[in-house]
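Engineer: Contents of work.tsv (TSV, C-alpha atoms) are given next:
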```
chain	number	residue	atom	x	y	z
R	1	MET	CA	29.79	302.58	62.56
R	2	ILE	CA	26.12	301.99	61.66
R	3	GLU	CA	26.94	301.73	57.93
R	4	HIS	CA	29.08	298.68	58.73
R	5	TYR	CA	26.44	297.08	60.97
R	6	ASN	CA	25.95	293.90	58.93
R	7	LEU	CA	29.68	293.35	58.53
R	8	PHE	CA	30.15	293.89	62.26
R	9	LEU	CA	27.50	291.22	62.93
R	10	LEU	CA	29.51	288.85	60.74
R	11	VAL	CA	32.65	289.61	62.75
R	12	CYS	CA	30.76	288.88	66.00
R	13	GLY	CA	29.41	285.65	64.54
R	14	ILE	CA	32.91	284.48	63.65
R	15	ALA	CA	34.11	285.38	67.15
R	16	PHE	CA	31.33	283.30	68.71
R	17	LEU	CA	32.10	280.44	66.33
R	18	LEU	CA	35.73	280.51	67.45
R	19	GLY	CA	34.50	280.16	71.02
R	20	ALA	CA	32.29	277.21	70.12
R	21	LEU	CA	34.92	275.32	68.13
R	22	PHE	CA	37.89	276.22	70.31
R	23	PRO	CA	37.72	273.16	72.65
R	24	ILE	CA	37.76	270.85	69.62
R	25	ILE	CA	40.29	272.47	67.28
R	26	PHE	CA	42.79	273.89	69.76
R	27	LYS	CA	42.46	271.33	72.57
R	28	ARG	CA	46.05	270.10	72.33
R	29	THR	CA	47.69	273.47	71.74
R	30	PRO	CA	48.97	276.02	74.28
R	31	ILE	CA	46.75	278.67	72.69
R	32	SER	CA	43.97	280.15	74.86
R	33	LEU	CA	40.61	281.40	73.61
R	34	PRO	CA	41.32	285.05	74.60
R	35	MET	CA	44.57	284.89	72.60
R	36	LEU	CA	42.69	283.65	69.56
R	37	GLN	CA	39.89	286.21	69.78
R	38	VAL	CA	42.16	289.19	70.41
R	39	SER	CA	44.36	288.11	67.48
R	40	PHE	CA	41.27	287.90	65.28
R	41	GLY	CA	40.24	291.38	66.40
R	42	LEU	CA	43.75	292.71	65.75
R	43	LEU	CA	43.67	291.35	62.21
R	44	MET	CA	40.23	292.82	61.55
R	45	GLY	CA	41.09	296.20	63.03
R	46	TYR	CA	44.32	296.46	61.08
R	47	SER	CA	42.84	295.42	57.73
R	48	TRP	CA	39.34	296.95	57.98
R	49	THR	CA	40.46	300.45	57.05
R	50	THR	CA	36.98	301.86	56.38
R	51	LEU	CA	35.79	301.17	59.94
R	52	SER	CA	35.36	304.22	62.14
R	53	PHE	CA	38.15	304.41	64.70
R	54	LEU	CA	37.14	302.73	67.96
R	55	ASN	CA	38.56	305.47	70.15
R	56	PRO	CA	37.88	304.65	73.82
R	57	LEU	CA	38.30	308.30	74.73
R	58	ASP	CA	35.27	309.14	72.56
R	59	ASN	CA	33.26	306.05	73.52
R	60	GLY	CA	34.08	305.82	77.19
R	61	LEU	CA	30.51	305.30	78.35
R	62	ILE	CA	29.98	302.38	75.95
R	63	VAL	CA	33.22	300.76	77.13
R	64	GLU	CA	32.25	301.26	80.77
R	65	LYS	CA	28.76	299.78	80.53
R	66	LEU	CA	29.71	296.84	78.30
R	67	THR	CA	32.65	295.77	80.47
R	68	GLU	CA	30.56	296.30	83.61
R	69	ILE	CA	28.00	293.73	82.43
R	70	VAL	CA	30.71	291.19	81.57
R	71	ILE	CA	32.33	291.55	85.00
R	72	LEU	CA	29.02	291.19	86.83
R	73	VAL	CA	28.19	287.91	85.07
R	74	SER	CA	31.72	286.68	85.70
R	75	LEU	CA	31.51	287.49	89.42
R	76	VAL	CA	28.27	285.53	89.77
R	77	GLY	CA	29.81	282.55	88.02
R	78	ALA	CA	32.89	282.70	90.24
R	79	GLY	CA	30.87	282.84	93.45
R	80	ILE	CA	28.57	279.98	92.48
R	81	LYS	CA	31.30	277.51	91.53
R	82	ILE	CA	33.39	277.71	94.71
R	83	ASP	CA	33.01	274.48	96.70
R	84	THR	CA	35.37	275.53	99.52
R	85	GLU	CA	33.68	276.47	102.76
R	86	LEU	CA	34.31	279.76	104.53
R	87	SER	CA	37.32	278.87	106.68
R	88	TRP	CA	40.14	281.16	107.80
R	89	LYS	CA	42.77	278.52	107.10
R	90	LEU	CA	41.59	277.94	103.53
R	91	TRP	CA	40.91	281.60	102.73
R	92	ARG	CA	44.09	282.96	104.32
R	93	PRO	CA	46.09	283.01	101.03
R	94	THR	CA	43.27	284.98	99.42
R	95	VAL	CA	43.18	287.52	102.25
R	96	ARG	CA	46.94	288.01	102.02
R	97	LEU	CA	46.79	288.61	98.28
R	98	LEU	CA	44.07	291.20	98.79
R	99	LEU	CA	45.72	293.02	101.70
R	100	ILE	CA	49.38	292.76	100.69
R	101	THR	CA	49.84	291.94	96.99
R	102	MET	CA	47.26	294.36	95.65
R	103	PRO	CA	48.54	297.42	97.59
R	104	ILE	CA	52.10	296.56	96.51
R	105	GLY	CA	50.95	296.50	92.88
R	106	ILE	CA	49.08	299.79	93.23
R	107	PHE	CA	52.03	301.56	94.86
R	108	ALA	CA	54.63	300.20	92.43
R	109	MET	CA	52.64	301.07	89.31
R	110	ALA	CA	51.77	304.51	90.68
R	111	VAL	CA	55.48	305.25	91.17
R	112	LEU	CA	56.33	303.95	87.69
R	113	GLY	CA	53.47	305.91	86.14
R	114	TYR	CA	54.56	309.12	87.85
R	115	TYR	CA	58.26	308.90	87.01
R	116	ALA	CA	58.33	306.85	83.78
R	117	PHE	CA	55.37	308.45	82.00
R	118	GLY	CA	55.09	311.82	83.70
R	119	LEU	CA	51.52	311.20	84.83
R	120	SER	CA	49.89	313.51	87.33
R	121	MET	CA	49.53	312.21	90.89
R	122	GLY	CA	45.88	311.28	90.42
R	123	ALA	CA	46.50	309.57	87.07
R	124	ALA	CA	49.49	307.65	88.49
R	125	ILE	CA	47.40	306.29	91.36
R	126	LEU	CA	44.66	305.44	88.88
R	127	LEU	CA	47.16	303.47	86.79
R	128	GLY	CA	48.08	301.39	89.83
R	129	ALA	CA	44.46	300.92	90.88
R	130	VAL	CA	43.16	299.73	87.50
R	131	LEU	CA	46.04	297.30	86.94
R	132	ALA	CA	46.15	295.83	90.45
R	133	PRO	CA	43.12	293.49	90.39
R	134	THR	CA	43.28	289.98	88.95
R	135	ASP	CA	40.61	289.87	86.26
R	136	PRO	CA	37.64	287.56	86.98
R	137	VAL	CA	36.75	287.27	83.29
R	138	LEU	CA	40.03	286.34	81.62
R	139	ALA	CA	41.07	284.33	84.69
R	140	SER	CA	38.07	282.01	84.33
R	141	SER	CA	40.19	279.38	82.55
R	142	ILE	CA	42.46	279.02	85.60
R	143	GLN	CA	39.67	279.03	88.16
R	144	VAL	CA	37.97	276.14	89.93
R	145	GLY	CA	35.64	273.87	87.99
R	146	PRO	CA	31.83	273.66	88.09
R	147	PRO	CA	30.03	273.21	91.44
R	148	ASN	CA	30.29	269.88	93.25
R	149	THR	CA	32.85	268.43	90.85
R	150	GLY	CA	35.49	268.16	93.58
R	151	GLY	CA	39.22	268.47	93.33
R	152	GLU	CA	39.59	272.16	94.17
R	153	ASP	CA	43.29	272.86	94.61
R	154	THR	CA	44.84	275.81	96.39
R	155	PRO	CA	46.07	277.75	93.32
R	156	ARG	CA	42.76	277.58	91.46
R	157	PHE	CA	40.68	278.33	94.54
R	158	THR	CA	42.92	281.22	95.60
R	159	LEU	CA	42.92	282.78	92.15
R	160	THR	CA	39.14	282.37	91.88
R	161	SER	CA	38.39	283.95	95.25
R	162	GLU	CA	40.98	286.69	94.71
R	163	ALA	CA	39.50	287.61	91.33
R	164	GLY	CA	36.01	287.60	92.84
R	165	LEU	CA	36.86	290.02	95.63
R	166	ASN	CA	39.67	292.25	94.43
R	167	ASP	CA	37.65	293.89	91.68
R	168	GLY	CA	35.52	295.51	94.34
R	169	LEU	CA	38.44	296.16	96.69
R	170	ALA	CA	40.30	298.10	93.98
R	171	PHE	CA	37.46	300.60	93.79
R	172	PRO	CA	38.54	302.65	96.87
R	173	PHE	CA	41.85	303.43	95.16
R	174	VAL	CA	40.07	304.34	91.94
R	175	TYR	CA	37.97	306.79	93.95
R	176	LEU	CA	41.11	308.10	95.66
R	177	ALA	CA	42.61	308.84	92.26
R	178	ILE	CA	39.40	310.55	91.12
R	179	LYS	CA	39.24	312.70	94.27
R	180	ILE	CA	42.88	313.77	93.90
R	181	ALA	CA	42.33	314.62	90.23
R	182	GLU	CA	39.17	316.54	91.09
R	183	ALA	CA	40.93	318.56	93.77
R	184	PHE	CA	43.81	319.49	91.45
R	185	SER	CA	41.43	320.34	88.60
R	186	GLU	CA	39.75	322.85	90.90
R	187	GLY	CA	43.07	324.32	92.01
R	188	GLN	CA	42.89	322.80	95.50
R	189	ARG	CA	45.25	320.69	97.54
R	190	PHE	CA	44.29	317.19	98.61
R	191	THR	CA	44.08	317.63	102.37
R	192	GLY	CA	44.17	315.26	105.31
R	193	GLU	CA	40.47	315.91	105.85
R	194	MET	CA	39.74	314.72	102.32
R	195	LEU	CA	41.86	311.62	102.95
R	196	TRP	CA	39.94	310.83	106.14
R	197	SER	CA	36.62	311.29	104.33
R	198	TRP	CA	37.83	308.90	101.62
R	199	PHE	CA	38.90	306.30	104.18
R	200	THR	CA	35.70	306.36	106.23
R	201	HIS	CA	33.28	306.49	103.30
R	202	ASP	CA	34.96	304.87	100.29
R	203	VAL	CA	36.88	302.24	102.23
R	204	LEU	CA	35.07	301.38	105.47
R	205	TRP	CA	31.44	302.11	104.60
R	206	LYS	CA	31.33	300.98	101.00
R	207	ILE	CA	33.21	297.73	101.58
R	208	GLY	CA	31.29	296.85	104.75
R	209	ALA	CA	27.91	297.70	103.27
R	210	GLY	CA	28.71	295.75	100.09
R	211	LEU	CA	29.52	292.65	102.15
R	212	VAL	CA	26.29	292.94	104.14
R	213	VAL	CA	24.15	293.48	101.04
R	214	GLY	CA	25.72	290.47	99.36
R	215	ILE	CA	25.09	288.17	102.32
R	216	VAL	CA	21.49	289.32	102.76
R	217	VAL	CA	20.58	289.09	99.06
R	218	GLY	CA	22.27	285.71	98.61
R	219	LYS	CA	20.59	284.17	101.64
R	220	LEU	CA	17.14	285.60	100.84
R	221	LEU	CA	17.19	284.43	97.22
R	222	ALA	CA	18.40	281.00	98.30
R	223	LYS	CA	15.53	280.76	100.76
R	224	LEU	CA	13.04	281.63	98.03
R	225	VAL	CA	14.51	279.22	95.48
R	226	PHE	CA	15.01	276.24	97.79
R	227	SER	CA	12.17	276.70	100.29
R	228	LYS	CA	9.53	274.54	98.61
R	229	HIS	CA	11.71	272.33	96.45
R	230	SER	CA	14.72	271.40	98.53
R	231	HIS	CA	15.51	268.42	96.30
R	232	GLU	CA	14.22	269.64	92.94
R	233	THR	CA	13.43	273.10	91.64
R	234	THR	CA	11.94	274.06	88.30
R	235	ILE	CA	12.76	277.77	88.51
R	236	SER	CA	14.62	278.92	85.40
R	237	GLN	CA	18.34	279.23	86.09
R	238	GLY	CA	18.51	282.20	83.72
R	239	TYR	CA	16.05	284.20	85.79
R	240	VAL	CA	17.86	283.34	89.02
R	241	VAL	CA	21.33	284.27	87.73
R	242	ILE	CA	20.13	287.59	86.34
R	243	ALA	CA	18.02	288.34	89.44
R	244	LEU	CA	20.89	287.49	91.78
R	245	THR	CA	23.21	289.74	89.82
R	246	LEU	CA	20.92	292.74	89.41
R	247	VAL	CA	19.31	292.67	92.87
R	248	ALA	CA	22.68	292.46	94.62
R	249	TYR	CA	24.32	295.05	92.39
R	250	GLY	CA	21.36	297.43	92.32
R	251	SER	CA	20.83	297.25	96.10
R	252	ALA	CA	24.48	297.87	96.85
R	253	GLU	CA	24.77	300.79	94.45
R	254	PHE	CA	21.49	302.26	95.77
R	255	ILE	CA	23.01	302.64	99.24
R	256	HIS	CA	26.32	303.85	97.73
R	257	SER	CA	28.39	300.75	98.43
R	258	TYR	CA	30.40	298.47	96.14
R	259	GLY	CA	28.19	296.44	93.84
R	260	PHE	CA	30.98	294.16	92.62
R	261	ILE	CA	31.66	292.96	96.16
R	262	ALA	CA	27.94	292.50	96.78
R	263	VAL	CA	27.47	290.39	93.63
R	264	PHE	CA	30.33	287.98	94.37
R	265	VAL	CA	29.39	287.65	98.04
R	266	ALA	CA	25.70	287.15	97.13
R	267	ALA	CA	26.62	284.37	94.70
R	268	PHE	CA	28.85	282.71	97.29
R	269	ALA	CA	26.20	283.05	100.03
R	270	PHE	CA	23.60	281.60	97.66
R	271	ARG	CA	25.93	278.69	96.91
R	272	ARG	CA	26.53	277.91	100.60
R	273	SER	CA	22.76	277.44	100.99
R	274	GLU	CA	21.96	273.89	99.91
R	275	HIS	CA	25.53	273.75	98.58
R	276	LYS	CA	25.21	270.12	97.47
R	277	HIS	CA	22.14	270.80	95.34
R	278	SER	CA	22.49	270.01	91.63
R	279	TYR	CA	20.70	273.27	90.78
R	280	HIS	CA	23.95	275.16	91.36
R	281	HIS	CA	25.47	273.34	88.42
R	282	LYS	CA	22.69	274.63	86.14
R	283	LEU	CA	23.23	278.19	87.39
R	284	HIS	CA	26.94	277.88	86.74
R	285	ASP	CA	26.40	276.62	83.18
R	286	PHE	CA	24.13	279.54	82.32
R	287	ALA	CA	26.51	282.10	83.85
R	288	GLU	CA	29.54	280.57	82.14
R	289	GLN	CA	27.94	280.58	78.70
R	290	SER	CA	26.68	284.14	79.11
R	291	GLU	CA	30.12	285.26	80.26
R	292	GLY	CA	31.77	283.54	77.29
R	293	LEU	CA	29.54	285.28	74.75
R	294	LEU	CA	30.05	288.71	76.29
R	295	MET	CA	33.79	288.14	76.72
R	296	SER	CA	34.10	287.24	73.04
R	297	LEU	CA	32.45	290.50	72.03
R	298	VAL	CA	34.69	292.62	74.27
R	299	LEU	CA	37.92	290.84	73.32
R	300	VAL	CA	37.30	291.13	69.59
R	301	ALA	CA	36.41	294.82	69.98
R	302	PHE	CA	39.55	295.32	72.09
R	303	GLY	CA	41.64	293.59	69.43
R	304	MET	CA	40.09	295.75	66.71
R	305	PHE	CA	40.92	298.88	68.69
R	306	LEU	CA	44.54	297.74	68.99
R	307	GLY	CA	44.69	296.83	65.31
R	308	GLN	CA	43.38	300.24	64.31
R	309	GLY	CA	45.99	301.86	66.52
R	310	LEU	CA	48.76	299.93	64.82
R	311	GLN	CA	47.35	300.70	61.36
R	312	SER	CA	47.18	304.43	62.13
R	313	GLY	CA	50.81	304.47	63.23
R	314	VAL	CA	50.40	305.09	66.97
R	315	GLU	CA	53.89	305.18	68.45
R	316	LEU	CA	54.74	303.18	71.55
R	317	THR	CA	57.86	304.15	73.48
R	318	TRP	CA	60.24	301.61	74.97
R	319	ARG	CA	59.09	302.70	78.43
R	320	VAL	CA	55.61	301.27	77.77
R	321	TYR	CA	57.00	297.81	77.03
R	322	ILE	CA	59.49	297.83	79.91
R	323	VAL	CA	56.92	298.94	82.47
R	324	SER	CA	54.31	296.47	81.20
R	325	PHE	CA	56.63	293.47	81.39
R	326	THR	CA	58.08	294.67	84.70
R	327	PHE	CA	54.62	294.70	86.20
R	328	LEU	CA	53.58	291.28	84.87
R	329	LEU	CA	56.87	289.44	85.36
R	330	LEU	CA	58.28	291.11	88.47
R	331	ILE	CA	55.92	293.29	90.49
R	332	ARG	CA	52.93	290.93	90.66
R	333	PRO	CA	55.01	287.74	91.23
R	334	ILE	CA	57.19	289.40	93.89
R	335	GLY	CA	54.13	290.88	95.58
R	336	GLY	CA	52.50	287.46	95.55
R	337	PHE	CA	55.53	285.77	97.09
R	338	ILE	CA	55.70	288.40	99.82
R	339	ALA	CA	52.02	287.87	100.64
R	340	LEU	CA	52.27	284.08	100.68
R	341	SER	CA	55.52	283.87	102.63
R	342	GLY	CA	55.15	282.08	105.92
R	343	LEU	CA	52.24	279.96	104.75
R	344	ASN	CA	52.65	276.20	104.63
R	345	LEU	CA	52.32	275.96	100.86
R	346	PRO	CA	54.60	274.16	98.39
R	347	HIS	CA	56.92	276.45	96.46
R	348	ALA	CA	55.26	275.45	93.17
R	349	GLU	CA	51.85	276.59	94.44
R	350	LYS	CA	53.19	279.93	95.61
R	351	TYR	CA	54.82	280.46	92.25
R	352	ALA	CA	51.67	279.55	90.29
R	353	ILE	CA	49.45	281.83	92.38
R	354	SER	CA	51.92	284.72	92.25
R	355	ALA	CA	52.61	284.45	88.53
R	356	LEU	CA	49.02	284.10	87.31
R	357	GLY	CA	47.72	287.56	88.12
R	358	ILE	CA	45.86	288.01	84.83
R	359	ARG	CA	44.88	291.54	83.80
R	360	GLY	CA	41.97	292.13	81.47
R	361	ILE	CA	38.42	293.41	81.20
R	362	GLY	CA	38.29	294.70	84.78
R	363	THR	CA	41.09	297.13	83.92
R	364	LEU	CA	39.10	298.42	80.93
R	365	TYR	CA	36.07	299.00	83.16
R	366	TYR	CA	37.86	300.86	85.94
R	367	LEU	CA	39.81	303.01	83.52
R	368	SER	CA	36.77	304.03	81.49
R	369	TYR	CA	34.74	304.64	84.66
R	370	ALA	CA	37.37	306.95	86.14
R	371	LEU	CA	38.02	308.86	82.94
R	372	ASN	CA	34.29	309.33	82.39
R	373	GLN	CA	34.19	311.45	85.56
R	374	GLY	CA	35.91	314.22	83.57
R	375	PHE	CA	38.71	315.17	85.99
R	376	PHE	CA	41.69	313.74	84.10
R	377	GLY	CA	43.49	315.61	81.34
R	378	GLU	CA	43.46	314.32	77.77
R	379	GLU	CA	47.21	313.70	77.77
R	380	ASP	CA	47.01	311.61	80.95
R	381	ALA	CA	43.99	309.73	79.60
R	382	LEU	CA	45.79	308.82	76.37
R	383	LYS	CA	48.86	307.58	78.25
R	384	LEU	CA	46.69	305.51	80.59
R	385	TRP	CA	44.87	303.83	77.70
R	386	VAL	CA	48.11	303.03	75.88
R	387	VAL	CA	49.85	301.55	78.94
R	388	CYS	CA	46.83	299.57	80.12
R	389	SER	CA	46.14	298.20	76.65
R	390	ILE	CA	49.70	296.91	76.28
R	391	VAL	CA	49.63	295.36	79.77
R	392	ILE	CA	46.35	293.58	78.99
R	393	LEU	CA	47.60	292.35	75.62
R	394	ALA	CA	50.86	291.10	77.13
R	395	SER	CA	48.96	289.42	79.98
R	396	ILE	CA	46.63	287.61	77.57
R	397	PHE	CA	49.56	286.06	75.71
R	398	ILE	CA	52.01	285.52	78.59
R	399	HIS	CA	49.46	283.97	80.93
R	400	GLY	CA	47.64	282.22	78.12
R	401	LEU	CA	50.81	280.34	77.18
R	402	SER	CA	52.00	279.64	80.73
R	403	ALA	CA	48.85	279.02	82.78
R	404	THR	CA	48.32	275.36	81.96
R	405	ARG	CA	51.95	274.47	82.59
R	406	LEU	CA	52.11	276.39	85.87
R	407	LEU	CA	48.96	274.77	87.23
R	408	LYS	CA	50.16	271.29	86.27
R	409	ILE	CA	53.29	271.56	88.42
R	410	ALA	CA	51.28	272.64	91.47
R	411	PRO	CA	50.02	269.85	93.82
R	412	ASN	CA	46.34	269.07	93.22
R	413	LYS	CA	44.96	269.43	96.72
R	414	LEU	CA	43.52	272.12	98.94
R	415	HIS	CA	45.60	272.98	102.01
```
What's the structure tokens form of this structure?
Structural biologist:
Amino acid sequence: MIEHYNLFLLVCGIAFLLGALFPIIFKRTPISLPMLQVSFGLLMGYSWTTLSFLNPLDNGLIVEKLTEIVILVSLVGAGIKIDTELSWKLWRPTVRLLLITMPIGIFAMAVLGYYAFGLSMGAAILLGAVLAPTDPVLASSIQVGPPNTGGEDTPRFTLTSEAGLNDGLAFPFVYLAIKIAEAFSEGQRFTGEMLWSWFTHDVLWKIGAGLVVGIVVGKLLAKLVFSKHSHETTISQGYVVIALTLVAYGSAEFIHSYGFIAVFVAAFAFRRSEHKHSYHHKLHDFAEQSEGLLMSLVLVAFGMFLGQGLQSGVELTWRVYIVSFTFLLLIRPIGGFIALSGLNLPHAEKYAISALGIRGIGTLYYLSYALNQGFFGEEDALKLWVVCSIVILASIFIHGLSATRLLKIAPNKLH
């Protein structure tokens, strides 16, 4: 790869240029920026035959750490831009998506993975866990606008808050898959005692501790930033965004809790302090631009990986396509409708929220993280990468083409 370093820099430069010019050139088209950048990566990967194969199985640690950084920046941006106060009535759709829709998605995909692809039990659960969360990075285009701009509607707010929280809440199921795979790799059975240990530690403790860390870090940093300059602060927004991200994430991971939850909650807690302050808008702008640059890099690399796979003649069975479209067009929408049933929401809003469960960079992170633990077989790992890659690619194009239209038909008010 190093011998193509200069050419790779050129590819990255073109990807960033596409991001800069996109609002001008493609403003009136249904094309989304992720669609454009992945397509560019596909073209480069397919035609650049001398490039070393970007095999995620051989570069799992690089994939994990790069996607981790993108998600963290995205979570901060999502937490900062939410204007909606913490109210049970307003957050109820989000809670239902997290507690009902996500488990439905995990269970359905685990069953399909086990029977359609012959995955082991641990790998099947992992497939469901990595595909269940709505991606906070690729879903940024359908989220709420910058802070204090007003006009937050239910679909955008629900999708923003869901994407901010479900990345962390999917982690317990990723750990469950890892523990099952570890037990089977050592010739053991996954016992009820192991299940109870998983529930008490990976579910109760890690989620609860992550929430507490996020609240504490967000409130403390807000007190430091706004204490002396309640109406005007000259502290660099770049320092604050990075500090908020790393302090929350590092503290949560240090006590073995979920850093993703802590980061989103810290950003939201920070925002609720002096929530009308114009400084939040500056923080949002920095986070959004940083996220966009990192997202461009990941999407082009992802496209190049797919292009290389096509060029090398990787075969995709009909089951991969059927399962991918079944998940995106049936399982997620049906799970969303089940979760939102009984709520006093217009049918159009329920449909928009249910249909726009975008899958993306979060899936790449969870999958690489789990496989890097070394308990999954090579055959399972290859199947997981193939299925997840097709689901992500299909999601980018399906949701990219439909998101604007779906959000337009939904009423523009918060219920």
Engineer: What's the separation between atom CA of Ala181 of chain R and atom CA of Pro56 of chain R, in Å to one decimal place?
Structural biologist: 19.7 Å
Engineer: When you count all atoms listed in the file, which of these residues is closest to Lys282 of chain R: R:Ile235, R:Val73, R:Ala124, R:Ile396?
Structural biologist: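 The closest residue to Lys282 of chain R is R:Ile235.
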Engineer: Measuring atom to atom with all atoms listed in the file, identify which of R:Arg96, R:Arg359, R:His280, R:Lys89 is nearest to Phe327 of chain R.
Structural biologist: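 Among the listed residues, R:Arg359 lies closest to Phe327 of chain R.
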Engineer: Env of Ala370 of chain R: 9 Å cut, atoms = only C-alpha atoms, seq-sep filter 2 positions within chain, self excluded. Answer as number ranges by chain.
Structural biologist: R: 126, 174-175, 177-178, 365-368, 372-376
Engineer: Can you pull out every residue within 8 Å of Glu291 of chain R, counting only C-alpha atoms, but drop anything in the same chain fewer than 2 positions away, and send it as a PyMOL selection string?
Structural biologist: chain R and resi 70+73-74+137+287-289+293-295
Engineer: In Å to one decimal, how far is atom CA of Phe16 of chain R from atom CA of Gly360 of chain R?
Structural biologist: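 We find that atom CA of Gly360 of chain R and atom CA of Phe16 of chain R lie 18.8 Å from each other.
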Engineer: Please measure the separation of atom CA of Asp58 of chain R and atom CA of Val263 of chain R, giving the value in Å to one decimal.
Structural biologist: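 Between atom CA of Asp58 of chain R and atom CA of Val263 of chain R the gap is 29.3 Å.
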Engineer: Show me, as a count of residues only, the residues that have an atom within 10 Å of Ala394 of chain R when counting only C-alpha atoms, minus same-chain residues fewer than 6 positions from it.
Structural biologist: 10
Engineer: Kindly indicate which residue among R:Tyr279, R:Phe26, R:Phe286, R:Tyr249 lies nearest to Ala266 of chain R, using all atoms listed in the file for the distances.
Structural biologist: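 Of the candidates, the smallest distance to Ala266 of chain R is held by R:Tyr249.
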Engineer: Between R:Val241, R:Ile207, R:Leu18, R:Phe268, which one has atoms that come closest to Ile255 of chain R, using all atoms listed in the file?
Structural biologist: R:Ile207
Engineer: Any idea what's packed within 12 Å of Gly307 of chain R, counting only C-alpha atoms, ignoring anything in its chain fewer than 4 positions away? Could you give it as JSON, numbers by chain?
Structural biologist: {"R": [38, 39, 40, 41, 42, 43, 44, 45, 46, 47, 48, 49, 51, 53, 54, 55, 300, 301, 302, 303, 311, 312, 313, 314, 389, 393]}
Engineer: Which residue, R:Leu98, R:Leu244, R:Val298, R:Leu112, has the smallest gap to Ile62 of chain R when you use all atoms listed in the file?
Structural biologist: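 Of R:Leu98, R:Leu244, R:Val298, R:Leu112, the one nearest Ile62 of chain R, counting all atoms listed in the file, is R:Val298.
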Engineer: With all atoms listed in the file as the counted atoms, please give the residues lying no more than 10 Å from Trp91 of chain R, apart from itself and same-chain residues fewer than 6 positions off, as an NGL selection string.
Structural biologist: :R and (84-85 or 154 or 157-158 or 161-162 or 415)
Engineer: For the residues in the current selection, export C-alpha atoms as a short mmCIF file (atom, residue, chain, number, x, y, z; two decimals), in the coordinates of the input.
Structural biologist:
```
data_model
loop_
_atom_site.label_atom_id
_atom_site.label_comp_id
_atom_site.auth_asym_id
_atom_site.auth_seq_id
_atom_site.Cartn_x
_atom_site.Cartn_y
_atom_site.Cartn_z
CA THR R 84 35.37 275.53 99.52
CA GLU R 85 33.68 276.47 102.76
CA THR R 154 44.84 275.81 96.39
CA PHE R 157 40.68 278.33 94.54
CA THR R 158 42.92 281.22 95.60
CA SER R 161 38.39 283.95 95.25
CA GLU R 162 40.98 286.69 94.71
CA HIS R 415 45.60 272.98 102.01
#
```
Engineer: I need the residue nearest Ala381 of chain R from this list: R:Ala123, R:Leu297, R:Leu195, R:Val144. Use only C-alpha atoms for the distance.
Structural biologist: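 Checking each of R:Ala123, R:Leu297, R:Leu195, R:Val144 against Ala381 of chain R, counting only C-alpha atoms, the winner is R:Ala123.
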Engineer: Could you list, with a cut-off of 12 Å and counting all atoms listed in the file, the residues of segment 7-123 of chain R near segment 182-187 of chain R, each shown with its nearest atom pair and the distance in Å rounded to one decimal, rows sorted by chain and ascending number, as a tab-separated table?
Structural biologist:
```
residue	atom	partner	partner_atom	distance
R:Ser120	CA	R:Phe184	CA	9.5
R:Met121	CA	R:Phe184	CA	9.3
R:Gly122	CA	R:Phe184	CA	8.5
R:Ala123	CA	R:Glu182	CA	10.9
```
Engineer: Grab the residues selected above and save them as a PDB file, keeping the file's coordinate frame with C-alpha atoms.
Structural biologist:
```pdb
ATOM      1  CA  SER R 120      49.890 313.510  87.330  1.00  0.00           C
ATOM      2  CA  MET R 121      49.530 312.210  90.890  1.00  0.00           C
ATOM      3  CA  GLY R 122      45.880 311.280  90.420  1.00  0.00           C
ATOM      4  CA  ALA R 123      46.500 309.570  87.070  1.00  0.00           C
TER       5      ALA R 123
END
```
